[in-house]
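One structure below.
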Amino acid sequence: MPVIATPMMVLAVLVAIVCLAVLFAAVRRRWFSRIQNGFLATLVTGLVCAGVIAALLVGVWGYEEARQILHQQIVADLENVGRIVEQQAERDVAGALALMSDLAQDLAPAIGSRNRAQIEEEMREVEKIDPRFLQLRLTDSQARIVAERSVTGVLEPISRVGVAFSLEGKAFATDPYLSTTFNKYVLNLSVPIRSAAGDVDGALTSRYDIQGRLVELTRSARFNLSGYAVIVGSDGHILAHPEAARVNDDISSYPAVQLALQGRSGTLQAANKAGQEKIMFYRPIKSPATVNPKPLALLSEISASEVEQALRMLRYKFLLVILLAAAGSALIALPLGRSIKQPVLELVRLTEGVGQGDLTLRAAATGQDEMGRLAGSFNQMVAGLEERERVKQVFGQYVATQVSEKVLKGEVNLGGESRVVTILFSDIRSFTAMSEEMTPNQVVSFLNDYFSEMVEAVFEQGGLLDKFIGDGMMAVFGAFGDTPDHARQAVRAGLRMKARLSKINGERSIAGKPPISIGIGIHTDEVILGNIGTSKRLQYTAIGDGVNTCSRVQSLNKEFGTTILITETTYHLVKDEFECRHMPEAHIRGKTKTLEFYEVTSAKAVDS
């Protein structure tokens with residue numbers, strides 16, 4: 001059965017297209033991302049809309065199919081009624097003509113004798129046999145009336161055409177016409193009367209009540225509760241109607257009647273003469289006339305509300321299906337959404353934990369689907385971060401943390417750059433003699449504890465630990481970024497080292513060990529900073545004359561008996577913040593010029 005695009009189906013398809021377009025835009029532009037459970041809302045909305053749209057389309061399609069089937073069933077019933085009417089009317093006319101032919105043969109001898117009484121008696125017998133013979137006439141070969149009878153007592157003029165056809169030796173019925181005498185549609189039947197020699201001596205004609213027969217044939221035809229059959233003549237007037245008052249009404253303006261008289265059948269919805277909205281089923285039927293037949297129309301009117309009433313329960317069922325589809329889609333979408341949302345939220349929680357520095361977190365990577373692969377990728381990422389952090393920590397034990405971070409980020413060039421920095425050298429006094437009294441393990445343990453305190457003092461002030469040199473170390477301040485106060489940072493680091501040394505000596509005193517002393521040299525100069533070494537072994541360090549000068553300044557602490565000694569270049573940068581004591585001039589090996597040195601004793605008090 002072909003699918004007919006009804007207005008309801010077209011509307012349903014348009015609604016589905018609009019809903020899908022809005023849903024696509026909502027998903028594409030992430031409208032639900034503005035709410036906390038936007039992902040779940042998107043999934044639930046998408047599944048519910050898909051279920052409702054599918055149910056809507058199937059429901060409307062099913063409803064329209066049922067409606068079309070109902071209409072087609074009524075049309076099929078109307079077709080059956082039409083065939084029955086056609087066949088029965090044809091048989092009735094044929095039977096009437098046969099009866100008249102028999103009567104004509106019986107009356108043939110009476111024409112010559114003109115025995116009127118005998119002829120009328122024969123005609124009366126025919127009227128008793130079939131009351132549909134409304135008027136009988138007997139004419140001779142000159143078309144003169146020999147005898148006639150009428151049920152109303154009023155005779156219509158003889159049909160010259162009918163007599164002429166009969167005198168040619170034919171039996172026939174003309175198309176129905178409205179008889180004013182009988183106030184109904186009748187057929188003009190006519191048969192020839194032949195002599196014993198076979199010559200036509202006259203004709204027997206009759207007005208036959210076809211309308212009454214049609215009423216009988218259509219009276220029992222019912223469709224649904226209000227539907228009935230109506231036969232319409234070729235002029236658009238009603239021939240047969242269950243309501244006698246409607247017979248002979250002119251309904252030629254009905255579109256259904258016009259289409260049926262054009263030989264078409266089908267169904268349409270229109271208002272009848274009473275202004276009531278009806279569904280009209282129509283088809284043409286063949287006229288019972290044998291000469292110049294014109295088609296008749298078979299029509300049935302059924303109340304539109306009655307047809308809708310038959311489909312109303314089906315409509316409610318389809319609506320229930322749509323609601324159940326929406327509820328079912330929601331019931332499916334909620335657990336489905338949670339099954340997807342839970343691992344996503346778990347990954348969000350783990351990601352936040354990793355962002356806070358906990359690299360021990362791992363996702364439960366189960367399954368080979370997208371979520372399982374995502375969890376596996378997350379675990380690989382965290383493992384990589386953990387390995388990177390471990391490398392960073394290990395790397396930071398050998399080089400400065402600032403350098404290790406920049407190396408891992410690729411921000412340190414292999415080449416060098418010239419920069420004014422402040423360098424700090426420190427050394428333990430008489431360490432060689434002290435180490436002779438300790439085992440190697442004790443020496444390593446002592447140095448680890450000592451350097452832990454000293455390096456921490458350097459890091460507190462943002463210094464770069466350059467290297468360890470036996471019991472000494474070298475730090476650079478101002479190696480990275482824009483740090484104009486690097487001289488102040490270096491001096492503060494020296495004072496912090498001195499303070500932390502007091503802590504170490506306090507612990508040694510408690511343990512019954514002699515105190516230790518250190519020397520710190522600080523110098524500000526222009527040096528070269530960069531990676532020094534080979535492609536297999538590199539060291540980020542500072543080189544230049546300033547480094548050598550600072551190393552020798554640190555050694556002068558032995559001669560002056562000081563702890564923190566700075567050069568005049570550093571002094572001019574920090575003299576306003578620290579208490580310094582000018583030292584005698586001293587000559588540094590490798591320098592032709594005599595330098596001035598200052599001992600840093602403390603930070604200056606801040607005026608309140």
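The way I read the labels, and the way they are meant: chains A, B, ... in the order of the structure tokens, residue 1 as the first residue of every chain, and ligand 1 as the first ligand shown, with later ones counted on from there.
Contact shell of Ser253 in chain A at 12 Å (only C-alpha atoms; same-chain neighbours under 6 positions omitted): Val232, Asp235, Gly236, His237, Leu259, Leu261, Ala270, Ala271, Asn272 and Lys273 of chain A.
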Near Leu447 in chain A, counting only C-alpha atoms, which residues have an atom at most 8 Å away, once you skip same-chain residues fewer than 4 positions from it, shown as a PDB file with N, CA and C atoms, in the first residue's frame?
```pdb
ATOM      1  N   VAL A 443      82.382  11.371  57.753  1.00  0.00           N
ATOM      2  CA  VAL A 443      82.635  12.576  56.961  1.00  0.00           C
ATOM      3  C   VAL A 443      81.438  12.871  56.046  1.00  0.00           C
ATOM      4  N   PHE A 451      75.654  20.673  54.647  1.00  0.00           N
ATOM      5  CA  PHE A 451      75.194  21.276  53.388  1.00  0.00           C
ATOM      6  C   PHE A 451      73.669  21.429  53.347  1.00  0.00           C
ATOM      7  N   ASP A 471      84.498  20.538  50.848  1.00  0.00           N
ATOM      8  CA  ASP A 471      83.726  21.026  51.966  1.00  0.00           C
ATOM      9  C   ASP A 471      83.193  22.431  51.725  1.00  0.00           C
TER      10      ASP A 471
END
```
Closest atom pairs, residues of range 233-302 of chain A within 9 Å of range 210-215 of chain A, only C-alpha atoms, as a tab-separated table:
```
residue	atom	partner	partner_atom	distance
A:Leu239	CA	A:Gln211	CA	5.8
A:Ala240	CA	A:Val215	CA	4.8
A:His241	CA	A:Val215	CA	6.5
A:Pro242	CA	A:Val215	CA	7.3
A:Pro288	CA	A:Ile210	CA	8.7
```
Margin query: Env of range 151-153 of chain A: 12 Å cut, atoms = only C-alpha atoms, seq-sep filter 3 positions within chain, self excluded. Answer as a ChimeraX atom specification.
Written below: /A:123-124,126-128,130-136,148,156,180-183,206-209
Produce a file of the selected residues containing C-alpha atoms, as a PDB file, in the first residue's frame.
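Result file is result-v2.pdb:
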```pdb
ATOM      1  CA  MET A 123     -52.455  -4.850 -18.711  1.00  0.00           C
ATOM      2  CA  ARG A 124     -54.214  -4.956 -15.350  1.00  0.00           C
ATOM      3  CA  VAL A 126     -49.272  -7.077 -15.438  1.00  0.00           C
ATOM      4  CA  GLU A 127     -49.750  -4.223 -12.949  1.00  0.00           C
ATOM      5  CA  LYS A 128     -50.771  -6.744 -10.330  1.00  0.00           C
ATOM      6  CA  ASP A 130     -45.286  -5.900 -10.779  1.00  0.00           C
ATOM      7  CA  PRO A 131     -46.598  -2.559  -9.452  1.00  0.00           C
ATOM      8  CA  ARG A 132     -43.503  -0.837 -10.781  1.00  0.00           C
ATOM      9  CA  PHE A 133     -45.172  -0.747 -14.178  1.00  0.00           C
ATOM     10  CA  LEU A 134     -46.736   2.661 -13.685  1.00  0.00           C
ATOM     11  CA  GLN A 135     -48.211   3.171 -17.165  1.00  0.00           C
ATOM     12  CA  LEU A 136     -48.810   0.735 -20.029  1.00  0.00           C
ATOM     13  CA  GLU A 148     -53.579   2.297 -22.216  1.00  0.00           C
ATOM     14  CA  GLU A 156     -48.558  11.349 -20.128  1.00  0.00           C
ATOM     15  CA  THR A 180     -44.313  14.974 -13.459  1.00  0.00           C
ATOM     16  CA  THR A 181     -47.261  12.617 -13.535  1.00  0.00           C
ATOM     17  CA  PHE A 182     -45.775  10.215 -10.995  1.00  0.00           C
ATOM     18  CA  ASN A 183     -43.395  12.721  -9.312  1.00  0.00           C
ATOM     19  CA  SER A 206     -44.413   1.494 -20.097  1.00  0.00           C
ATOM     20  CA  ARG A 207     -43.244   3.925 -17.448  1.00  0.00           C
ATOM     21  CA  TYR A 208     -41.166   1.790 -15.072  1.00  0.00           C
ATOM     22  CA  ASP A 209     -40.568   2.912 -11.436  1.00  0.00           C
TER      23      ASP A 209
END
```
Note to self: What does the structure give for the distance between CA of Ile279 in chain A and CA of Ser234 in chain A, in Å to one decimal?
What the structure shows: 21.6 Å
Margin query: List as a VMD selection string the protein and nucleic acid residues near Val85 in chain A, meaning an atom at most 8 Å away when only C-alpha atoms are counted, but skip any in the same chain fewer than 4 places from it.
Written below: chain A and resid 81 89 214 217 to 218 285
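The space separating CA of Leu573 in chain A from CA of Val476 in chain A comes to 16.0 Å.
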Notebook entry, point to check: With only C-alpha atoms as the atoms that count, which of A:Ala110, A:Leu155, A:Leu323, A:Leu465 lies nearest to Ala542 in chain A?
Noted result: A:Leu465
Note to self: Give me, as a PyMOL selection string, all polymer residues having an atom no more than 7 Å from range 56-65 of chain A, counting only C-alpha atoms and skipping those fewer than 5 positions away in the same chain.
What the structure shows: chain A and resi 9+12-13+315+318+322
Would you write out those residues with C-alpha atoms, as an mmCIF file, in the first residue's frame?
```cif
data_model
loop_
_atom_site.group_PDB
_atom_site.id
_atom_site.type_symbol
_atom_site.label_atom_id
_atom_site.label_comp_id
_atom_site.auth_asym_id
_atom_site.auth_seq_id
_atom_site.Cartn_x
_atom_site.Cartn_y
_atom_site.Cartn_z
ATOM 1 C CA MET A 9 2.181 13.315 8.519
ATOM 2 C CA ALA A 12 4.778 15.463 12.194
ATOM 3 C CA VAL A 13 7.840 15.250 9.936
ATOM 4 C CA ARG A 315 -5.231 8.178 18.953
ATOM 5 C CA PHE A 318 -0.675 6.311 20.161
ATOM 6 C CA ILE A 322 4.514 8.410 22.913
#
```
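For Met583 in chain A, the residues within 9 Å (counting only C-alpha atoms, excluding itself and residues fewer than 2 positions away along the chain) are Phe560, Leu565, Arg581, Glu585, Ala586, Glu596, Phe597, Tyr598 and Glu599 of chain A.
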Checklist line | Contacts of range 574-580 of chain A at 12 Å (only C-alpha atoms; same-chain gap of 2+ positions) as an MDAnalysis selection string | finding: chainID A and resid 422 484:492 494:495 522:524 562 564:572 582:583 597:607
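Checking A:Arg30, A:Lys513, A:Ala203, A:Glu453 one by one against Met438 in chain A, counting only C-alpha atoms, you find the shortest gap at A:Lys513.
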Note to self: Using DSSP assignments from the backbone, pull out every residue in range 192-395 of chain A that falls under strand (DSSP E) and give it to me as a ChimeraX atom specification.
What the structure shows: /A:192-194,200-208,222-223,227-232,238-240,266-271,277-285,296-303
